[in-house]
file final05.cif (mmCIF, C-alpha atoms and all ligand atoms)
data_model
#
loop_
_atom_site.label_atom_id
_atom_site.label_comp_id
_atom_site.auth_asym_id
_atom_site.auth_seq_id
_atom_site.Cartn_x
_atom_site.Cartn_y
_atom_site.Cartn_z
CA MET A 144 16.84 -30.14 9.80
CA ASP A 145 14.98 -28.83 12.85
CA ILE A 146 14.63 -25.07 13.06
CA ILE A 147 12.99 -25.12 16.52
CA ARG A 148 13.66 -27.64 19.24
CA VAL A 149 11.83 -27.43 22.54
CA GLU A 150 13.30 -29.92 25.02
CA GLY A 151 11.76 -30.81 28.37
CA VAL A 152 10.28 -27.35 28.87
CA ALA A 153 8.23 -26.54 31.98
CA LYS A 154 6.36 -23.35 32.82
CA ALA A 155 4.10 -22.51 35.77
CA TYR A 156 2.32 -19.39 36.96
CA GLY A 157 1.96 -19.67 40.73
CA ASP A 158 0.64 -23.18 41.32
CA HIS A 159 -0.81 -23.47 37.81
CA GLN A 160 1.51 -25.78 35.85
CA VAL A 161 0.89 -24.79 32.22
CA HIS A 162 3.65 -26.93 30.65
CA GLU A 163 5.56 -29.85 32.01
CA ASP A 164 8.33 -31.72 30.20
CA LEU A 165 7.20 -30.44 26.80
CA THR A 166 9.25 -31.60 23.82
CA LEU A 167 8.61 -30.55 20.22
CA ALA A 168 10.65 -30.15 17.02
CA ILE A 169 9.74 -28.11 13.94
CA LYS A 170 11.49 -28.74 10.63
CA LYS A 171 12.97 -26.03 8.48
CA GLY A 172 10.59 -24.92 5.73
CA GLU A 173 7.43 -26.51 7.06
CA CYS A 174 4.14 -24.97 8.05
CA PHE A 175 3.51 -26.46 11.48
CA THR A 176 0.24 -25.88 13.34
CA LEU A 177 -0.20 -26.30 17.05
CA LEU A 178 -3.88 -26.95 17.76
CA GLY A 179 -5.42 -27.05 21.19
CA PRO A 180 -8.38 -25.82 23.24
CA SER A 181 -8.48 -22.35 24.76
CA GLY A 182 -6.20 -22.01 27.78
CA CYS A 183 -4.04 -25.08 27.04
CA GLY A 184 -0.83 -23.04 26.85
CA LYS A 185 -0.31 -22.29 23.15
CA THR A 186 0.43 -18.58 23.58
CA VAL A 187 2.68 -19.30 26.57
CA LEU A 188 4.72 -21.71 24.45
CA LEU A 189 4.99 -19.20 21.60
CA ARG A 190 6.06 -16.47 24.02
CA MET A 191 8.81 -18.74 25.35
CA ILE A 192 10.04 -19.53 21.82
CA ALA A 193 9.99 -15.81 20.97
CA GLY A 194 11.85 -14.97 24.19
CA PHE A 195 9.13 -12.94 25.94
CA GLU A 196 8.84 -15.56 28.71
CA SER A 197 11.52 -17.76 30.32
CA PRO A 198 10.91 -21.46 30.88
CA ASP A 199 11.25 -22.81 34.45
CA ALA A 200 13.02 -25.91 33.13
CA GLY A 201 14.28 -27.23 29.80
CA LYS A 202 15.99 -25.85 26.72
CA ILE A 203 14.90 -24.14 23.52
CA TYR A 204 17.02 -24.13 20.34
CA ILE A 205 16.44 -22.02 17.25
CA ASP A 206 18.52 -22.97 14.23
CA ASP A 207 20.77 -25.04 16.53
CA THR A 208 21.50 -22.03 18.74
CA LEU A 209 20.58 -22.48 22.38
CA VAL A 210 18.29 -19.48 22.94
CA SER A 211 16.76 -20.45 26.34
CA ASP A 212 18.41 -22.71 28.86
CA ALA A 213 16.72 -23.03 32.25
CA ASP A 214 18.85 -26.07 33.18
CA ASP A 215 22.60 -25.45 32.83
CA SER A 216 23.99 -22.22 31.44
CA HIS A 217 20.81 -20.22 32.26
CA GLN A 218 21.30 -18.44 28.99
CA GLU A 219 18.51 -16.26 27.53
CA ILE A 220 18.92 -14.67 24.11
CA PRO A 221 16.59 -11.61 23.93
CA PRO A 222 13.66 -11.63 21.48
CA GLU A 223 15.21 -9.12 19.05
CA ASN A 224 18.23 -11.38 18.55
CA ARG A 225 16.25 -14.55 17.81
CA GLY A 226 15.65 -13.68 14.15
CA LEU A 227 11.89 -14.26 14.29
CA GLY A 228 8.84 -12.62 12.80
CA VAL A 229 5.97 -12.66 15.27
CA VAL A 230 2.27 -11.88 14.91
CA PHE A 231 0.50 -12.16 18.25
CA GLN A 232 -3.12 -12.86 18.96
CA ASP A 233 -4.28 -9.21 19.01
CA TYR A 234 -1.91 -8.38 16.08
CA ALA A 235 -1.68 -4.81 17.42
CA VAL A 236 -0.59 -2.41 14.73
CA TRP A 237 0.31 1.03 16.03
CA PRO A 238 -2.74 3.25 15.56
CA HIS A 239 -0.80 6.53 15.26
CA MET A 240 1.54 5.25 12.52
CA THR A 241 0.80 4.94 8.82
CA VAL A 242 0.93 1.58 7.09
CA PHE A 243 4.42 2.45 5.83
CA ASP A 244 5.71 3.39 9.29
CA ASN A 245 4.17 0.33 10.92
CA VAL A 246 5.90 -1.97 8.45
CA ALA A 247 9.16 0.02 8.61
CA TYR A 248 9.31 -0.08 12.39
CA PRO A 249 11.47 -3.21 12.87
CA LEU A 250 13.98 -1.95 10.27
CA LYS A 251 14.16 1.48 11.92
CA ILE A 252 14.83 -0.15 15.28
CA ALA A 253 17.58 -2.17 13.60
CA LYS A 254 18.97 1.15 12.28
CA ARG A 255 18.94 0.10 8.62
CA PRO A 256 19.79 2.78 6.02
CA LYS A 257 16.84 4.88 4.80
CA ASP A 258 16.87 3.80 1.15
CA GLU A 259 17.05 0.15 2.11
CA ILE A 260 14.08 0.63 4.48
CA LYS A 261 12.06 2.31 1.73
CA LYS A 262 12.71 -0.47 -0.77
CA LYS A 263 12.08 -3.34 1.62
CA VAL A 264 8.91 -1.81 3.07
CA MET A 265 7.42 -1.04 -0.36
CA ASP A 266 8.28 -4.56 -1.55
CA MET A 267 6.61 -6.10 1.46
CA ILE A 268 3.52 -3.87 1.17
CA ASP A 269 3.26 -5.10 -2.42
CA ILE A 270 3.63 -8.74 -1.43
CA VAL A 271 0.75 -8.55 1.07
CA GLY A 272 -1.45 -6.81 -1.51
CA MET A 273 -1.56 -3.35 0.15
CA HIS A 274 -0.02 -1.33 -2.67
CA GLY A 275 -1.36 2.26 -2.69
CA LEU A 276 -2.49 2.15 0.94
CA GLU A 277 0.89 2.92 2.53
CA LYS A 278 -0.09 6.41 3.73
CA ARG A 279 -3.27 5.29 5.50
CA LEU A 280 -3.65 5.00 9.25
CA PRO A 281 -4.91 1.69 10.74
CA SER A 282 -8.25 3.36 11.56
CA GLU A 283 -8.73 3.82 7.80
CA LEU A 284 -8.26 0.10 7.11
CA SER A 285 -10.50 -2.95 7.39
CA GLY A 286 -9.68 -5.71 9.88
CA GLY A 287 -8.24 -7.84 7.10
CA GLN A 288 -6.05 -5.01 5.85
CA GLN A 289 -4.74 -4.36 9.37
CA GLN A 290 -4.01 -8.05 9.52
CA ARG A 291 -1.88 -7.77 6.39
CA VAL A 292 0.01 -4.84 7.91
CA ALA A 293 0.84 -6.98 10.94
CA LEU A 294 2.01 -9.78 8.64
CA ALA A 295 4.10 -7.40 6.54
CA ARG A 296 5.70 -5.97 9.68
CA ALA A 297 6.56 -9.47 10.89
CA LEU A 298 8.02 -10.43 7.51
CA VAL A 299 9.95 -7.28 6.59
CA GLY A 300 13.12 -8.24 8.44
CA ASN A 301 13.26 -11.37 6.28
CA PRO A 302 12.97 -13.84 9.16
CA SER A 303 13.56 -17.51 8.48
CA LEU A 304 10.91 -18.33 11.07
CA MET A 305 7.45 -16.85 11.66
CA LEU A 306 5.41 -17.36 14.81
CA LEU A 307 1.71 -16.70 14.21
CA ASP A 308 -0.64 -16.73 17.19
CA GLU A 309 -4.30 -16.89 16.09
CA PRO A 310 -3.60 -14.13 13.58
CA LEU A 311 -7.03 -14.46 12.00
CA SER A 312 -9.16 -14.57 15.12
CA ASN A 313 -10.59 -11.05 14.70
CA LEU A 314 -11.70 -11.54 11.12
CA ASP A 315 -15.10 -12.61 9.86
CA ALA A 316 -15.53 -16.12 8.52
CA ASN A 317 -15.15 -15.26 4.81
CA LEU A 318 -12.03 -13.18 5.27
CA ARG A 319 -10.53 -15.77 7.58
CA GLU A 320 -10.99 -18.43 4.98
CA GLU A 321 -9.33 -16.25 2.31
CA MET A 322 -6.47 -15.07 4.53
CA ARG A 323 -5.44 -18.56 5.55
CA PHE A 324 -4.66 -19.41 1.93
CA GLU A 325 -2.83 -16.11 1.56
CA ILE A 326 -0.64 -16.96 4.55
CA LYS A 327 0.12 -20.31 2.97
CA GLU A 328 0.95 -18.58 -0.30
CA LEU A 329 3.25 -16.10 1.46
CA GLN A 330 4.98 -18.95 3.24
CA ARG A 331 5.76 -20.60 -0.11
CA LYS A 332 6.77 -17.38 -1.81
CA LEU A 333 9.15 -16.31 0.94
CA ASP A 334 10.32 -19.80 1.87
CA VAL A 335 9.82 -19.17 5.56
CA THR A 336 9.11 -21.71 8.30
CA VAL A 337 5.77 -21.07 10.01
CA LEU A 338 4.68 -22.08 13.48
CA TYR A 339 0.96 -21.35 13.57
CA VAL A 340 -1.04 -21.55 16.77
CA THR A 341 -4.82 -21.80 16.82
CA HIS A 342 -7.83 -23.58 18.26
CA ASP A 343 -9.49 -23.62 14.83
CA GLN A 344 -9.05 -27.12 13.42
CA GLU A 345 -10.12 -26.10 9.92
CA ILE A 346 -7.18 -23.74 9.59
CA GLY A 347 -4.90 -26.43 10.93
CA LEU A 348 -6.07 -28.85 8.28
CA ALA A 349 -6.03 -26.33 5.42
CA ILE A 350 -2.53 -24.88 5.66
CA SER A 351 -0.28 -27.29 7.56
CA ASP A 352 2.37 -29.75 6.55
CA ARG A 353 2.16 -31.15 10.07
CA VAL A 354 -0.16 -30.61 13.00
CA ALA A 355 0.33 -31.15 16.74
CA ILE A 356 -2.73 -31.61 18.95
CA MET A 357 -2.40 -30.43 22.54
CA ASN A 358 -4.93 -31.29 25.25
CA GLU A 359 -6.19 -28.84 27.88
CA HIS A 360 -3.32 -29.78 30.20
CA GLY A 361 -0.66 -28.74 27.69
CA LYS A 362 0.19 -32.33 26.76
CA ILE A 363 0.83 -33.11 23.11
CA GLN A 364 -1.44 -35.98 22.08
CA GLN A 365 -0.44 -36.53 18.47
CA ILE A 366 1.79 -35.07 15.77
CA GLY A 367 1.20 -35.91 12.12
CA THR A 368 0.07 -34.72 8.72
CA PRO A 369 -3.45 -33.26 8.63
CA TRP A 370 -4.61 -36.48 6.98
CA GLU A 371 -3.10 -38.68 9.73
CA ILE A 372 -4.63 -36.56 12.47
CA PHE A 373 -8.05 -36.61 10.84
CA GLU A 374 -8.12 -40.22 9.67
CA LYS A 375 -5.99 -41.96 12.29
CA PRO A 376 -6.51 -40.14 15.57
CA VAL A 377 -4.63 -41.87 18.40
CA ASN A 378 -7.36 -41.29 20.99
CA PRO A 379 -10.90 -39.96 21.45
CA PHE A 380 -9.63 -36.50 22.44
CA VAL A 381 -7.91 -36.00 19.08
CA PHE A 382 -10.88 -37.48 17.27
CA SER A 383 -13.42 -35.18 18.90
CA PHE A 384 -11.16 -32.13 18.63
CA MET A 385 -11.08 -32.42 14.84
CA GLY A 386 -14.81 -31.92 14.28
CA ILE A 387 -18.21 -33.21 15.33
CA ALA A 388 -17.75 -36.72 16.65
CA ASN A 389 -20.23 -39.42 17.60
CA PHE A 390 -19.34 -41.97 20.24
CA MET A 391 -21.63 -44.99 20.55
CA ALA A 392 -21.36 -47.37 23.53
CA VAL A 393 -20.80 -50.96 22.41
CA ARG A 394 -20.40 -54.11 24.56
CA ARG A 395 -18.84 -57.43 23.68
CA GLU A 396 -21.28 -60.38 23.92
CA GLY A 397 -19.34 -63.53 23.05
CA ALA A 398 -18.08 -62.91 19.53
CA ASP A 399 -20.55 -60.08 18.87
CA TYR A 400 -20.29 -56.34 19.48
CA VAL A 401 -23.69 -54.98 20.48
CA VAL A 402 -24.95 -51.37 20.58
CA GLY A 403 -26.21 -49.62 23.74
CA THR A 404 -28.90 -51.40 25.75
CA GLY A 405 -30.24 -53.47 22.83
CA ASN A 406 -29.12 -56.52 20.89
CA GLN A 407 -28.18 -55.16 17.45
CA VAL A 408 -24.71 -56.11 16.24
CA VAL A 409 -22.45 -53.34 14.88
CA PRO A 410 -22.12 -53.76 11.08
CA TRP A 411 -18.37 -53.17 10.92
CA GLU A 412 -15.16 -55.10 11.45
CA LYS A 413 -14.49 -55.93 15.10
CA PRO A 414 -12.00 -54.12 17.33
CA VAL A 415 -8.69 -55.68 18.27
CA GLY A 416 -8.49 -56.29 22.04
CA GLU A 417 -10.13 -58.16 24.87
CA ASP A 418 -12.08 -55.31 26.53
CA ARG A 419 -15.79 -55.80 27.15
CA GLN A 420 -16.84 -52.16 26.83
CA TRP A 421 -16.06 -50.20 23.69
CA SER A 422 -16.91 -46.95 22.05
CA ALA A 423 -17.48 -46.73 18.31
CA GLY A 424 -16.36 -43.33 16.99
CA PHE A 425 -17.58 -41.82 13.72
CA ARG A 426 -18.31 -38.45 12.20
CA PRO A 427 -21.69 -37.33 10.81
CA SER A 428 -20.25 -37.79 7.31
CA ASP A 429 -19.30 -41.43 8.10
CA VAL A 430 -22.93 -42.45 8.49
CA LYS A 431 -24.96 -43.98 5.66
CA LEU A 432 -28.65 -43.44 6.20
CA SER A 433 -31.47 -45.40 4.57
CA ARG A 434 -35.10 -46.38 5.10
CA SER A 435 -34.58 -50.14 4.98
CA GLY A 436 -31.99 -52.84 4.34
CA GLU A 437 -28.85 -53.92 6.22
CA GLY A 438 -27.76 -51.92 9.25
CA LEU A 439 -28.77 -50.71 12.70
CA LYS A 440 -32.41 -49.82 13.18
CA GLY A 441 -32.99 -46.45 14.81
CA VAL A 442 -35.49 -43.65 15.28
CA VAL A 443 -35.07 -40.07 14.06
CA LYS A 444 -35.47 -37.90 17.18
CA ARG A 445 -34.89 -34.53 15.55
CA ALA A 446 -34.70 -33.33 11.94
CA ASN A 447 -33.26 -29.88 11.15
CA PHE A 448 -33.16 -28.18 7.78
CA LEU A 449 -29.85 -26.26 7.54
CA GLY A 450 -30.15 -25.08 3.94
CA ALA A 451 -27.70 -27.20 1.96
CA MET A 452 -27.80 -29.98 4.55
CA MET A 453 -30.34 -31.89 6.61
CA ASP A 454 -29.15 -32.57 10.15
CA TYR A 455 -30.61 -35.59 11.99
CA LEU A 456 -30.36 -36.73 15.57
CA ILE A 457 -30.92 -40.49 15.69
CA GLU A 458 -31.42 -42.87 18.59
CA ILE A 459 -30.31 -46.48 18.41
CA ASP A 460 -31.04 -48.59 21.50
CA GLY A 461 -30.41 -45.72 23.92
CA GLU A 462 -27.41 -44.30 22.03
CA HIS A 463 -27.66 -40.94 20.25
CA LEU A 464 -25.80 -39.91 17.12
CA ARG A 465 -25.78 -37.02 14.70
CA THR A 466 -25.60 -37.27 10.97
CA SER A 467 -26.11 -34.99 8.03
CA ILE A 468 -27.02 -35.48 4.41
CA GLU A 469 -27.22 -33.04 1.49
CA THR A 470 -30.76 -31.71 1.25
CA HIS A 471 -30.79 -32.29 -2.49
CA ARG A 472 -29.91 -35.96 -2.05
CA ALA A 473 -32.41 -36.32 0.80
CA LEU A 474 -35.14 -35.03 -1.53
CA THR A 475 -34.23 -37.16 -4.54
CA GLN A 476 -33.55 -40.39 -2.61
CA ASP A 477 -36.51 -40.37 -0.23
CA LEU A 478 -34.29 -39.58 2.77
CA MET A 479 -36.23 -36.59 4.04
CA PHE A 480 -37.00 -37.95 7.52
CA LYS A 481 -39.40 -36.48 10.06
CA ALA A 482 -38.98 -36.79 13.81
CA GLY A 483 -40.44 -40.10 14.96
CA GLU A 484 -39.77 -42.04 11.75
CA THR A 485 -37.62 -45.15 11.76
CA CYS A 486 -34.37 -45.36 9.80
CA VAL A 487 -31.45 -47.70 9.12
CA VAL A 488 -27.86 -46.71 9.82
CA SER A 489 -24.68 -48.23 8.43
CA PHE A 490 -21.15 -46.86 8.30
CA LEU A 491 -18.63 -45.68 5.73
CA ASN A 492 -15.97 -45.48 8.40
CA LEU A 493 -15.77 -46.29 12.08
CA LEU A 494 -12.99 -46.20 14.67
CA TRP A 495 -12.89 -48.28 17.85
CA PHE A 496 -11.85 -46.75 21.15
CA ARG A 497 -11.71 -48.53 24.49
CA ALA A 498 -14.53 -47.28 26.75
CA GLU A 499 -11.89 -46.48 29.39
CA GLU A 500 -10.11 -44.09 27.02
CA LEU A 501 -13.37 -42.28 26.43
CA GLN A 502 -13.96 -42.01 30.19
CA GLU A 503 -10.58 -40.29 30.53
CA VAL A 504 -11.59 -37.68 27.96
CA VAL A 505 -14.97 -37.09 29.61
CA LYS A 506 -13.32 -36.72 33.05
CA GLU A 507 -10.80 -34.18 31.75
N1 LIG A 601 1.21 -14.01 32.65
C1 LIG A 601 0.41 -14.96 33.15
N2 LIG A 601 0.16 -15.05 34.47
C2 LIG A 601 -0.62 -16.02 34.98
N3 LIG A 601 -1.23 -16.97 34.23
C3 LIG A 601 -1.03 -16.93 32.91
C4 LIG A 601 -0.20 -15.94 32.29
N4 LIG A 601 -0.19 -16.16 30.97
C5 LIG A 601 -0.98 -17.24 30.77
N5 LIG A 601 -1.48 -17.72 31.92
C6 LIG A 601 -2.34 -18.90 32.07
O1 LIG A 601 -1.74 -19.99 31.41
C7 LIG A 601 -2.71 -20.79 30.75
C8 LIG A 601 -2.36 -20.91 29.28
O2 LIG A 601 -2.54 -19.65 28.67
P1 LIG A 601 -2.34 -19.40 27.11
O3 LIG A 601 -2.51 -17.95 26.89
O4 LIG A 601 -1.07 -20.01 26.67
O5 LIG A 601 -3.57 -20.21 26.50
P2 LIG A 601 -3.91 -20.44 24.95
O6 LIG A 601 -3.74 -21.89 24.68
O7 LIG A 601 -3.11 -19.50 24.13
O8 LIG A 601 -5.46 -20.09 24.90
P3 LIG A 601 -6.32 -19.29 23.77
O9 LIG A 601 -6.64 -20.31 22.71
O10 LIG A 601 -7.53 -18.86 24.52
O11 LIG A 601 -5.49 -18.15 23.29
C9 LIG A 601 -4.05 -20.11 31.01
O12 LIG A 601 -4.68 -20.80 32.06
C10 LIG A 601 -3.68 -18.71 31.40
O13 LIG A 601 -4.64 -18.18 32.28
MG MG A 602 -3.55 -17.88 23.01
#
call {"tool": "encode", "arguments": {"input": "final05.cif", "output": "structure tokens"}}
result
Amino acid sequence: MDIIRVEGVAKAYGDHQVHEDLTLAIKKGECFTLLGPSGCGKTVLLRMIAGFESPDAGKIYIDDTLVSDADDSHQEIPPENRGLGVVFQDYAVWPHMTVFDNVAYPLKIAKRPKDEIKKKVMDMIDIVGMHGLEKRLPSELSGGQQQRVALARALVGNPSLMLLDEPLSNLDANLREEMRFEIKELQRKLDVTVLYVTHDQEIGLAISDRVAIMNEHGKIQQIGTPWEIFEKPVNPFVFSFMGIANFMAVRREGADYVVGTGNQVVPWEKPVGEDRQWSAGFRPSDVKLSRSGEGLKGVVKRANFLGAMMDYLIEIDGEHLRTSIETHRALTQDLMFKAGETCVVSFLNLLWFRAEELQEVVKE
């Protein structure tokens, strides 16, 4: 069953059309991540679902209740009656309130009895691992601890749906990595549906049941499991959004597919389609590098030691690509290249895109 349905929603600020005819459904119980570049309209969408903004057109349903209707009844259910837990981008906790009071706030507003508030707040403080810190002020907490307070406050009313807007953006890399698994754990423990919004594709891959990729114009490009999005991207935008991507120009010459300005044939199965100009897409980890043997002959233009990895920039007949290899393996297998040395490239995986599709991405 769908817990959120967004149907044909539009939203503009002045003449800036952020969303147009946006449709999206989130299933009950899933952890759904909306991924897209900065400014594409993720927060605006979340604010409309939460009820802090009204759409210009379209309908939004939560749990089959029509909460926003810009088309017919013009109904708007206010945020406090939508039954949501929300953590926004700046996750503001109130600086003058203790941890306990911050977490208790939504229950106090809802005028719950005192003993119930005490029990629920202490339970939630426990769940987010803040036991013993309930009397502290936010200024006496680390960024990660403040983050947990914001999560506890969003969860204390026992919402069936949580909206999380970049809740980890202010944390350092280590804490971010730890917190994302904690959020996932909380989601399982409390059996809550999560809509998570971010531009960080690693988080999207790590915690989601399904991911939606939005382009900079607010258009959803693909919805699928993390694996589908990573392994079977529908277009070059999705492919390049999910990590470092190489695109190599390839032209059809009779039955052959030839790289760049040279005459070397791509060592991979051919694309399906009649186009003359193609782009071969692959990630640094899809490249197999060697000194000789079968494959495309290239020249190492730049070699960087990054600690655990060696990073190489390679030119093949006018086309440039990046690849990396574990330093340990490079040392033991004679793959420690210097700039100027020749190399041979073959592929572990390669995706074909029409050159036109790639042009569209570059233009945007
Ligand atoms: N209240 C507003 N008035 C005018 N323009 C707005 C308003 N809110 C958002 N916008 C514009 O709408 C667009 C989408 O903004 P939004 O905050 O949804 O982006 P985002 O995808 O959340 O980006 P980020 O990843 O940086 O948080 C931006 O161009 C923004 O400037
Ligand atoms: Mg945002």
call {"tool": "closest_residue", "arguments": {"input": "final05.cif", "among": "A:Val230, A:Val409, A:Cys183, A:Leu250", "to": "ligand MG 602 (chain A)", "atoms": "only C-alpha atoms and all ligand atoms"}}
result
A:Cys183
call {"tool": "residues_near_ligand", "arguments": {"input": "final05.cif", "ligand": "ligand MG 602 (chain A)", "cutoff": "12 Å", "atoms": "all atoms listed in the file", "output": "PyMOL selection string"}}
result
chain A and resi 177-190+230-234+307-310+312+339-343
call {"tool": "atom_distance", "arguments": {"input": "final05.cif", "atom1": "atom CA of Leu329 of chain A", "atom2": "atom CA of Ile270 of chain A"}}
result
7.9 Å
call {"tool": "residues_near_point", "arguments": {"input": "final05.cif", "point": "(11.7, -6.9, 5.9)", "cutoff": "10 Å", "atoms": "only C-alpha atoms", "output": "ChimeraX atom specification"}}
result
/A:228,246-250,259-260,262-268,295-302
call {"tool": "closest_residue", "arguments": {"input": "final05.cif", "among": "A:Arg255, A:Lys481, A:Arg395, A:His162", "to": "Val415 of chain A", "atoms": "only C-alpha atoms"}}
result
A:Arg395
call {"tool": "atom_distance", "arguments": {"input": "final05.cif", "atom1": "atom CA of Leu449 of chain A", "atom2": "atom CA of Met479 of chain A"}}
result
12.6 Å
call {"tool": "residues_around", "arguments": {"input": "final05.cif", "residues": "Glu469 of chain A", "least_positions_apart": "6", "cutoff": "7 Å", "atoms": "only C-alpha atoms", "output": "PDB file with C-alpha atoms, in the frame of the given file"}}
result
ATOM      1  CA  ALA A 451     -27.700 -27.200   1.960  1.00  0.00           C
ATOM      2  CA  MET A 452     -27.800 -29.980   4.550  1.00  0.00           C
ATOM      3  CA  MET A 453     -30.340 -31.890   6.610  1.00  0.00           C
TER       4      MET A 453
END
call {"tool": "closest_residue", "arguments": {"input": "final05.cif", "among": "A:Gly424, A:Gly367, A:Gly287, A:Gly397", "to": "Phe380 of chain A", "atoms": "all atoms listed in the file"}}
result
A:Gly424
call {"tool": "closest_residue", "arguments": {"input": "final05.cif", "among": "A:Leu478, A:Met240, A:Ala388, A:Ile252", "to": "Val292 of chain A", "atoms": "all atoms listed in the file"}}
result
A:Met240
call {"tool": "atom_distance", "arguments": {"input": "final05.cif", "atom1": "atom CA of Asn378 of chain A", "atom2": "atom O2 of ligand LIG 601 (chain A)"}}
result
23.5 Å
call {"tool": "residues_around", "arguments": {"input": "final05.cif", "residues": "Trp495 of chain A", "least_positions_apart": "6", "cutoff": "8 Å", "atoms": "all atoms listed in the file", "output": "list of chain:residue names"}}
result
A:Pro414, A:Trp421, A:Ser422, A:Ala423, A:Gly424
call {"tool": "residues_around", "arguments": {"input": "final05.cif", "residues": "segment 154-161 of chain A", "least_positions_apart": "3", "cutoff": "7 Å", "atoms": "all atoms listed in the file", "output": "list in words"}}
result
Gly184, Pro198, Asp199, His360 and Gly361 of chain A
call {"tool": "write_last_selection", "arguments": {"input": "final05.cif", "atoms": "C-alpha atoms", "output": "compact mmCIF listing (two decimals), in the coordinates of the input"}}
result
# COMPACT_ATOMS: atom_id res chain seq x y z
CA GLY A 184 -0.83 -23.04 26.85
CA PRO A 198 10.91 -21.46 30.88
CA ASP A 199 11.25 -22.81 34.45
CA HIS A 360 -3.32 -29.78 30.20
CA GLY A 361 -0.66 -28.74 27.69
call {"tool": "closest_residue", "arguments": {"input": "final05.cif", "among": "A:Val271, A:Leu474, A:Met357, A:Val430", "to": "ligand LIG 601 (chain A)", "atoms": "all atoms listed in the file"}}
result
A:Met357
call {"tool": "closest_residue", "arguments": {"input": "final05.cif", "among": "A:Asp352, A:Glu219, A:Asp454, A:Asp212", "to": "Ile366 of chain A", "atoms": "all atoms listed in the file"}}
result
A:Asp352
call {"tool": "residues_around", "arguments": {"input": "final05.cif", "residues": "Asp334 of chain A", "least_positions_apart": "6", "cutoff": "10 Å", "atoms": "only C-alpha atoms", "output": "list in words"}}
result
Lys171, Gly172, Glu173, Asn301, Pro302, Ser303, Leu304 and Glu328 of chain A
call {"tool": "residues_around", "arguments": {"input": "final05.cif", "residues": "His463 of chain A", "least_positions_apart": "5", "cutoff": "10 Å", "atoms": "all atoms listed in the file", "output": "list in words"}}
result
Asn389, Phe390, Met391, Ala392, Gly403, Gly441, Val442, Val443, Lys444, Leu456, Ile457 and Glu458 of chain A
